[in-house]
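Structure file final_36.cif (mmCIF, C-alpha atoms) is printed below.
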```cif
data_entry
loop_
_atom_site.label_atom_id
_atom_site.label_comp_id
_atom_site.auth_asym_id
_atom_site.auth_seq_id
_atom_site.Cartn_x
_atom_site.Cartn_y
_atom_site.Cartn_z
CA MET A 3 37.37 -101.24 7.15
CA VAL A 4 34.26 -103.42 7.30
CA ILE A 5 30.75 -101.93 7.49
CA ASN A 6 28.04 -104.20 8.85
CA ALA A 7 24.90 -102.82 7.20
CA THR A 8 22.86 -106.01 7.23
CA GLY A 9 19.65 -104.66 8.76
CA PRO A 10 17.80 -107.28 10.82
CA TRP A 11 20.79 -109.64 10.51
CA VAL A 12 23.30 -107.17 11.99
CA ASN A 13 23.63 -109.05 15.29
CA GLN A 14 24.29 -112.39 13.60
CA VAL A 15 26.92 -110.90 11.32
CA HIS A 16 28.55 -109.12 14.24
CA SER A 17 28.60 -112.33 16.23
CA ILE A 18 30.42 -114.11 13.44
CA ALA A 19 33.04 -111.37 13.33
CA SER A 20 33.31 -110.88 17.08
CA GLY A 21 33.90 -114.55 17.73
CA GLU A 22 37.33 -114.30 16.16
CA HIS A 23 38.53 -110.73 16.19
CA TYR A 24 36.18 -108.32 18.00
CA GLY A 25 34.85 -107.76 21.46
CA VAL A 26 31.26 -108.72 22.26
CA SER A 27 28.76 -105.98 21.42
CA GLY A 28 26.54 -104.58 24.14
CA ARG A 29 23.99 -103.37 21.59
CA VAL A 30 20.73 -105.24 21.17
CA LEU A 31 18.51 -105.23 18.10
CA ARG A 32 14.77 -105.32 18.45
CA LEU A 33 12.86 -106.89 15.55
CA VAL A 34 9.41 -105.41 14.95
CA GLN A 35 7.08 -106.64 12.23
CA GLY A 36 5.18 -104.09 10.17
CA SER A 37 2.41 -105.29 7.86
CA HIS A 38 0.36 -103.55 5.18
CA ILE A 39 -2.73 -104.40 3.17
CA VAL A 40 -3.87 -103.16 -0.24
CA VAL A 41 -7.56 -102.91 -1.13
CA PRO A 42 -9.56 -101.36 -4.00
CA LYS A 43 -9.44 -97.60 -3.50
CA LEU A 44 -11.56 -96.21 -0.69
CA PHE A 45 -11.65 -92.62 -2.00
CA ASP A 46 -11.13 -90.82 -5.31
CA HIS A 47 -8.95 -87.86 -4.34
CA GLY A 48 -5.16 -87.78 -4.00
CA GLY A 49 -5.01 -86.96 -0.29
CA CYS A 50 -3.87 -89.21 2.54
CA TYR A 51 -5.43 -90.05 5.91
CA ILE A 52 -3.73 -90.60 9.26
CA LEU A 53 -6.13 -92.38 11.59
CA GLN A 54 -5.82 -92.40 15.37
CA ASN A 55 -6.45 -95.85 16.79
CA GLY A 56 -7.77 -96.59 20.24
CA ASP A 57 -4.49 -98.20 21.32
CA GLY A 58 -2.57 -94.96 20.75
CA ARG A 59 -1.10 -96.00 17.41
CA ILE A 60 -1.81 -94.40 14.06
CA VAL A 61 -2.80 -96.14 10.84
CA PHE A 62 -2.52 -94.49 7.45
CA ALA A 63 -4.62 -94.88 4.30
CA ILE A 64 -2.99 -93.53 1.15
CA PRO A 65 -3.69 -93.66 -2.60
CA TYR A 66 -1.73 -96.50 -4.19
CA GLU A 67 -1.02 -97.32 -7.83
CA GLN A 68 -4.02 -95.31 -9.12
CA GLU A 69 -6.66 -97.96 -8.39
CA PHE A 70 -5.96 -98.99 -4.80
CA THR A 71 -5.56 -97.83 -1.21
CA LEU A 72 -2.59 -98.86 0.91
CA ILE A 73 -3.36 -99.33 4.61
CA GLY A 74 -0.70 -99.75 7.28
CA THR A 75 1.04 -100.37 9.42
CA THR A 76 1.32 -102.68 12.43
CA ASP A 77 3.95 -102.93 15.18
CA THR A 78 4.37 -106.41 16.63
CA GLU A 79 7.38 -108.09 18.20
CA TYR A 80 9.02 -110.55 15.83
CA ARG A 81 11.16 -113.61 16.48
CA GLY A 82 12.52 -115.85 13.80
CA ASP A 83 14.02 -115.48 10.34
CA PRO A 84 13.53 -111.85 9.23
CA GLY A 85 13.23 -113.02 5.64
CA ALA A 86 10.23 -115.23 6.46
CA ALA A 87 7.86 -112.60 7.90
CA LEU A 88 4.23 -113.00 6.82
CA ILE A 89 1.18 -110.97 7.72
CA THR A 90 -1.01 -112.65 10.32
CA ASP A 91 -4.80 -112.91 10.46
CA GLY A 92 -4.71 -110.76 13.57
CA GLU A 93 -2.87 -107.98 11.75
CA VAL A 94 -5.34 -108.09 8.87
CA ASP A 95 -8.27 -107.81 11.29
CA TYR A 96 -6.53 -104.97 13.15
CA LEU A 97 -6.02 -102.88 10.00
CA CYS A 98 -9.50 -103.57 8.67
CA SER A 99 -11.21 -102.70 11.95
CA THR A 100 -9.23 -99.47 12.25
CA VAL A 101 -10.19 -98.11 8.83
CA ASN A 102 -13.76 -99.31 9.29
CA GLU A 103 -14.11 -96.89 12.21
CA TYR A 104 -13.48 -93.97 9.85
CA PHE A 105 -14.65 -94.82 6.32
CA ALA A 106 -18.20 -95.28 5.08
CA ARG A 107 -17.04 -98.03 2.79
CA LYS A 108 -16.13 -101.04 4.90
CA VAL A 109 -13.30 -103.45 4.16
CA SER A 110 -12.85 -107.07 5.13
CA PRO A 111 -10.11 -109.67 4.61
CA ALA A 112 -11.96 -110.74 1.46
CA ASP A 113 -11.23 -107.33 -0.11
CA LEU A 114 -7.44 -107.70 0.04
CA VAL A 115 -5.70 -107.67 -3.32
CA TRP A 116 -2.25 -107.83 -1.74
CA ALA A 117 -0.60 -107.83 1.67
CA PHE A 118 3.03 -107.70 2.73
CA SER A 119 5.15 -107.72 5.87
CA ARG A 120 8.67 -106.55 6.61
CA VAL A 121 10.81 -106.59 9.73
CA ARG A 122 12.12 -103.33 11.17
CA PRO A 123 15.58 -103.65 12.74
CA LEU A 124 15.13 -101.20 15.63
CA PHE A 125 17.71 -100.35 18.23
CA ASP A 126 16.46 -101.63 21.59
CA ASP A 127 16.23 -98.58 23.84
CA GLY A 128 14.31 -100.43 26.54
CA SER A 129 10.81 -99.31 25.51
CA VAL A 130 8.05 -101.57 26.76
CA LYS A 131 5.88 -101.32 23.63
CA ALA A 132 7.14 -102.03 20.14
CA GLN A 133 5.61 -98.82 18.75
CA GLU A 134 7.54 -96.78 21.33
CA ALA A 135 10.97 -98.11 20.34
CA THR A 136 13.21 -95.51 18.74
CA ARG A 137 13.31 -95.30 14.95
CA ASP A 138 16.70 -93.62 15.12
CA TYR A 139 19.93 -95.41 14.28
CA VAL A 140 22.97 -96.16 16.41
CA LEU A 141 26.48 -96.58 15.00
CA GLN A 142 29.04 -98.65 16.89
CA LEU A 143 32.70 -98.83 15.91
CA ASP A 144 34.73 -101.85 17.00
CA ARG A 145 38.46 -101.57 16.45
CA GLY A 146 39.22 -105.19 17.26
CA ASP A 147 41.45 -106.80 19.84
CA ASP A 148 44.52 -106.73 17.65
CA HIS A 149 46.03 -104.30 15.18
CA ALA A 150 45.71 -106.82 12.34
CA SER A 151 41.89 -106.66 12.30
CA PRO A 152 40.24 -103.89 10.29
CA PRO A 153 37.79 -101.59 12.10
CA LEU A 154 34.20 -102.93 12.10
CA LEU A 155 31.33 -100.43 11.98
CA ASN A 156 27.91 -101.84 12.98
CA ILE A 157 24.70 -100.05 12.03
CA PHE A 158 21.82 -100.69 14.43
CA GLY A 159 18.36 -99.50 13.43
CA GLY A 160 17.50 -96.84 10.88
CA LYS A 161 14.72 -96.32 8.34
CA ILE A 162 14.65 -96.16 4.55
CA THR A 163 13.21 -92.63 4.81
CA THR A 164 16.42 -91.34 6.41
CA TYR A 165 18.93 -93.58 4.61
CA ARG A 166 20.86 -90.74 2.97
CA ARG A 167 21.52 -88.98 6.27
CA LEU A 168 22.45 -92.32 7.83
CA ALA A 169 24.91 -92.93 4.97
CA GLU A 170 26.61 -89.60 5.58
CA ALA A 171 26.81 -90.32 9.31
CA VAL A 172 28.44 -93.66 8.49
CA LEU A 173 30.97 -91.99 6.21
CA ASN A 174 31.84 -89.53 8.98
CA LYS A 175 32.66 -92.54 11.16
CA VAL A 176 34.67 -94.08 8.34
CA GLY A 177 36.57 -90.84 7.88
CA ALA A 178 37.36 -90.63 11.57
CA ALA A 179 38.72 -94.18 11.50
CA ILE A 180 40.72 -94.30 8.26
CA GLY A 181 40.84 -90.73 7.00
CA THR A 182 38.34 -88.44 5.30
CA LYS A 183 38.29 -88.90 1.52
CA GLY A 184 35.94 -86.13 0.42
CA GLU A 185 33.11 -83.78 1.31
CA ALA A 186 29.47 -84.77 1.75
CA TRP A 187 27.52 -84.50 -1.50
CA THR A 188 24.42 -86.73 -1.32
CA SER A 189 22.01 -83.96 -0.21
CA ARG A 190 22.75 -82.14 -3.48
CA SER A 191 22.58 -85.18 -5.77
CA PRO A 192 19.24 -86.35 -7.25
CA LEU A 193 18.37 -90.00 -7.35
CA PRO A 194 18.50 -91.67 -10.80
CA GLY A 195 15.86 -90.06 -13.00
CA GLY A 196 14.95 -87.52 -10.32
CA ASN A 197 16.67 -84.45 -11.76
CA PHE A 198 13.52 -82.33 -11.98
CA ALA A 199 11.34 -80.28 -9.63
CA VAL A 200 9.03 -82.09 -7.22
CA ASN A 201 6.00 -80.42 -8.82
CA GLY A 202 7.26 -81.05 -12.36
CA ILE A 203 5.82 -84.52 -12.97
CA ASP A 204 3.10 -83.33 -15.37
CA GLU A 205 5.71 -81.41 -17.33
CA GLN A 206 7.86 -84.53 -17.58
CA ILE A 207 4.90 -86.58 -18.81
CA ASP A 208 4.10 -84.02 -21.51
CA ALA A 209 7.75 -83.90 -22.58
CA LEU A 210 7.87 -87.70 -22.85
CA LEU A 211 4.72 -87.76 -24.97
CA ALA A 212 6.17 -85.09 -27.23
CA LEU A 213 9.16 -87.33 -27.90
CA TYR A 214 7.11 -90.55 -28.11
CA PRO A 215 3.64 -89.56 -29.39
CA PHE A 216 2.70 -93.22 -29.97
CA LEU A 217 2.79 -93.88 -26.23
CA PRO A 218 -0.57 -94.03 -24.39
CA ARG A 219 -0.71 -91.28 -21.78
CA SER A 220 -1.38 -93.81 -19.02
CA ASP A 221 1.87 -95.61 -19.92
CA ALA A 222 3.78 -92.31 -19.96
CA GLU A 223 2.44 -91.48 -16.51
CA CYS A 224 3.57 -94.85 -15.14
CA LEU A 225 7.02 -94.63 -16.72
CA ILE A 226 7.65 -91.14 -15.34
CA ALA A 227 6.39 -92.20 -11.90
CA ARG A 228 8.73 -95.19 -11.85
CA TYR A 229 11.80 -93.87 -13.65
CA GLY A 230 11.56 -90.09 -14.04
CA THR A 231 13.85 -88.83 -16.79
CA ASP A 232 15.34 -92.31 -17.13
CA ALA A 233 12.14 -93.28 -18.97
CA ARG A 234 13.82 -91.93 -22.10
CA THR A 235 16.63 -94.42 -21.64
CA ILE A 236 14.08 -97.24 -21.65
CA LEU A 237 12.26 -96.02 -24.76
CA GLY A 238 15.45 -95.16 -26.63
CA ALA A 239 15.00 -94.67 -30.38
CA ALA A 240 11.62 -96.43 -30.55
CA ARG A 241 9.10 -94.85 -32.92
CA SER A 242 6.21 -97.25 -32.30
CA LEU A 243 4.88 -99.55 -29.61
CA LYS A 244 5.97 -102.50 -31.71
CA GLU A 245 9.58 -101.38 -31.44
CA LEU A 246 9.38 -101.74 -27.63
CA GLY A 247 9.26 -105.50 -28.07
CA LYS A 248 7.07 -108.12 -26.44
CA TYR A 249 4.06 -106.84 -24.51
CA PHE A 250 3.37 -108.53 -21.17
CA GLY A 251 0.27 -106.58 -20.11
CA ALA A 252 -0.56 -103.53 -17.97
CA GLY A 253 1.84 -101.38 -20.02
CA LEU A 254 4.88 -103.58 -19.33
CA THR A 255 7.04 -104.02 -22.41
CA GLU A 256 10.16 -105.97 -23.23
CA ALA A 257 12.11 -102.69 -23.33
CA GLU A 258 11.25 -101.99 -19.68
CA VAL A 259 12.00 -105.57 -18.63
CA ARG A 260 15.40 -105.43 -20.30
CA HIS A 261 16.13 -102.14 -18.53
CA LEU A 262 15.17 -103.65 -15.16
CA ARG A 263 17.41 -106.62 -15.72
CA ARG A 264 20.41 -104.68 -16.95
CA ARG A 265 20.22 -101.61 -14.72
CA GLU A 266 18.31 -102.77 -11.63
CA TRP A 267 19.40 -106.41 -11.39
CA ALA A 268 15.94 -107.95 -11.74
CA ILE A 269 16.15 -111.71 -12.28
CA THR A 270 12.70 -113.19 -11.67
CA ALA A 271 9.14 -112.13 -12.49
CA GLU A 272 8.69 -111.41 -8.79
CA ASP A 273 11.61 -108.99 -8.96
CA VAL A 274 10.04 -107.15 -11.89
CA LEU A 275 6.42 -107.19 -10.72
CA TRP A 276 6.83 -106.56 -6.98
CA ARG A 277 10.33 -105.38 -6.07
CA ARG A 278 10.89 -102.97 -9.00
CA THR A 279 7.30 -102.16 -9.95
CA LYS A 280 3.92 -103.04 -8.51
CA LEU A 281 2.52 -104.41 -11.74
CA GLY A 282 1.80 -107.70 -9.98
CA LEU A 283 -1.42 -105.98 -8.91
CA ARG A 284 -2.59 -105.94 -12.52
CA LEU A 285 -1.11 -108.85 -14.46
CA SER A 286 -3.04 -112.10 -14.81
CA VAL A 287 -1.60 -115.48 -13.87
CA ALA A 288 -1.02 -116.27 -17.55
CA GLU A 289 0.79 -112.94 -18.10
CA VAL A 290 3.01 -113.54 -15.08
CA GLU A 291 3.91 -116.99 -16.37
CA ALA A 292 4.76 -115.53 -19.79
CA LEU A 293 7.07 -112.99 -18.16
CA GLU A 294 8.79 -115.68 -16.09
CA ARG A 295 9.35 -117.78 -19.19
CA PHE A 296 10.82 -114.79 -20.99
CA LEU A 297 13.21 -114.06 -18.13
CA CYS A 298 14.21 -117.70 -17.80
CA PHE A 299 14.75 -118.59 -21.42
CA ASN A 300 15.50 -115.36 -23.23
CA ALA A 301 19.20 -114.63 -23.32
CA LEU A 302 18.91 -111.01 -22.21
CA ASP A 303 22.56 -110.84 -21.24
CA GLY A 304 23.96 -113.69 -23.28
CA HIS A 305 23.09 -116.38 -20.74
CA ILE A 306 20.07 -118.62 -20.21
CA ARG A 307 19.19 -119.26 -16.59
CA THR A 308 18.54 -122.88 -15.66
CA VAL A 309 15.11 -123.54 -14.13
CA THR A 310 14.95 -126.18 -11.42
#
```
Reformat the file's structure so that it appears as structure tokens.
Amino acid sequence: MVINATGPWVNQVHSIASGEHYGVSGRVLRLVQGSHIVVPKLFDHGGCYILQNGDGRIVFAIPYEQEFTLIGTTDTEYRGDPGAALITDGEVDYLCSTVNEYFARKVSPADLVWAFSRVRPLFDDGSVKAQEATRDYVLQLDRGDDHASPPLLNIFGGKITTYRRLAEAVLNKVGAAIGTKGEAWTSRSPLPGGNFAVNGIDEQIDALLALYPFLPRSDAECLIARYGTDARTILGAARSLKELGKYFGAGLTEAEVRHLRRREWAITAEDVLWRRTKLGLRLSVAEVEALERFLCFNALDGHIRTVT
């Protein structure tokens, strides 16, 4: 069986398959761009705000990485390569003007420390406005025009916040097509490093500091926030900061970088600083360059990557 879980590229992948073996899909994907901005923090407490905009949409402002506020999001129709989405000036102005209606401290495009855009692969339910399109997912099973082709399951839509339920729904479809292999278990299984109570973060930080008393508390807080109990795997048998290897800045050590490369497939500095952590908000240009050189030329896994 083949599962087409390619997000915003699901239609293209289905078209490639359907051209040879499968019937043409009647499902349509709607691409909607969502953009966010990050600014120096607008408030000191740990609460979040949901702001009602005049156009009927909501915009949120939430604490982000201790020193910042994350503001989002937009809903605009998108056409083009989903991997090339970039925030527009209009989206920046929209988010700034919305929060400026509510906060005493005003923000402008000059205050941005980071901005990012992603494309939502929504199932097209015929809604006129992008923000009204369903965030639910639709699963379509194509059995092919001949018995030689494996079943093809296409996933239209869905959100990262409901990915575990979506995965179980997909497996139910798989079981119906080729036979059930086992019972559902994901709702009872913690994510890596997450095998502790939701309100137990402070306890985990204290336990980490008890094992590694040389660690600054701010570093322990960041490690627990990013890795939970897996932070102990990163620190290993270290008994001093020096034993964690090269220091890249903002608490990032060689030990953490090696963990990200071996366990989370990080290859570039961008992977480490933005896709696995958000330390790109804190490292200087020189520190980023030092990290990139380390990743390029240090044989972390026995190989040196060629830089072109």
Handout entry: Answer key for the PyMOL selection byres ((chain A and resi 4) around 10), residues as a ChimeraX atom specification
Key = /A:3,5-7,143-144,151-156,176
Problem - Atom-to-atom span, atom CA of Val140 of chain A and atom CA of Gly159 of chain A, Å - result: 6.4 Å
Handout entry: Residues in the PyMOL selection byres ((chain A and resi 293) around 12), expressed as number ranges by chain
Key = A: 248-251, 254-256, 258-260, 269-275, 281-282, 285-292, 294-300
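For the structure in this document, the set picked by the PyMOL selection byres ((chain A and resi 199-212) around 10) is Gly196, Asn197, Phe198, Leu213, Tyr214, Pro215, Phe216, Leu217, Pro218, Arg219, Ser220, Asp221, Ala222, Glu223, Cys224, Leu225, Ile226, Ala227, Gly230, Thr231, Ala233, Arg234 and Leu237 of chain A.
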Handout entry: Surrounding residues of Glu170 of chain A excluding itself and chain neighbours under 6 positions, 12 Å, all atoms listed in the file, as a ChimeraX atom specification
Key = /A:141,164,176-177,182,184-189
Completion exercise
What separates atom CA of Gly181 of chain A and atom CA of Tyr165 of chain A is a distance of 22.2 Å
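Of the residues under consideration (A:Asp77, A:Asp46, A:Glu69, A:Glu266), A:Asp77 shows the shortest atom-to-atom contact distance to Thr90 of chain A when counting only C-alpha atoms.
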Problem - Atom-to-atom span, atom CA of Leu124 of chain A and atom CA of Gly92 of chain A, Å - result: 22.1 Å
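The smallest atom-to-atom distance between Tyr229 of chain A and any of A:Val34, A:Lys43, A:Pro65, A:Leu193, using all atoms listed in the file, is found for A:Leu193.
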Segment 105-120 of chain A: axis-aligned bounding box, 5 Å on each side, centre and edge lengths in Å, one decimal, as JSON:
```
{"center_x": -4.8, "center_y": -102.8, "center_z": 1.6, "size_x": 36.9, "size_y": 25.9, "size_z": 19.9}
```
Problem - Pick from A:Ile236, A:Ile89, A:Leu283, A:Ile18, whichever lies nearest to Arg265 of chain A using all atoms listed in the file - result: A:Ile236
Exercise for the section: Please identify all polymer residues within 7 Å of Phe125 of chain A, counting all atoms listed in the file, omitting same-chain residues fewer than 2 positions from it, and present them as number ranges by chain. Expected result: A: 30-32, 123, 127, 136, 139-140, 158-159
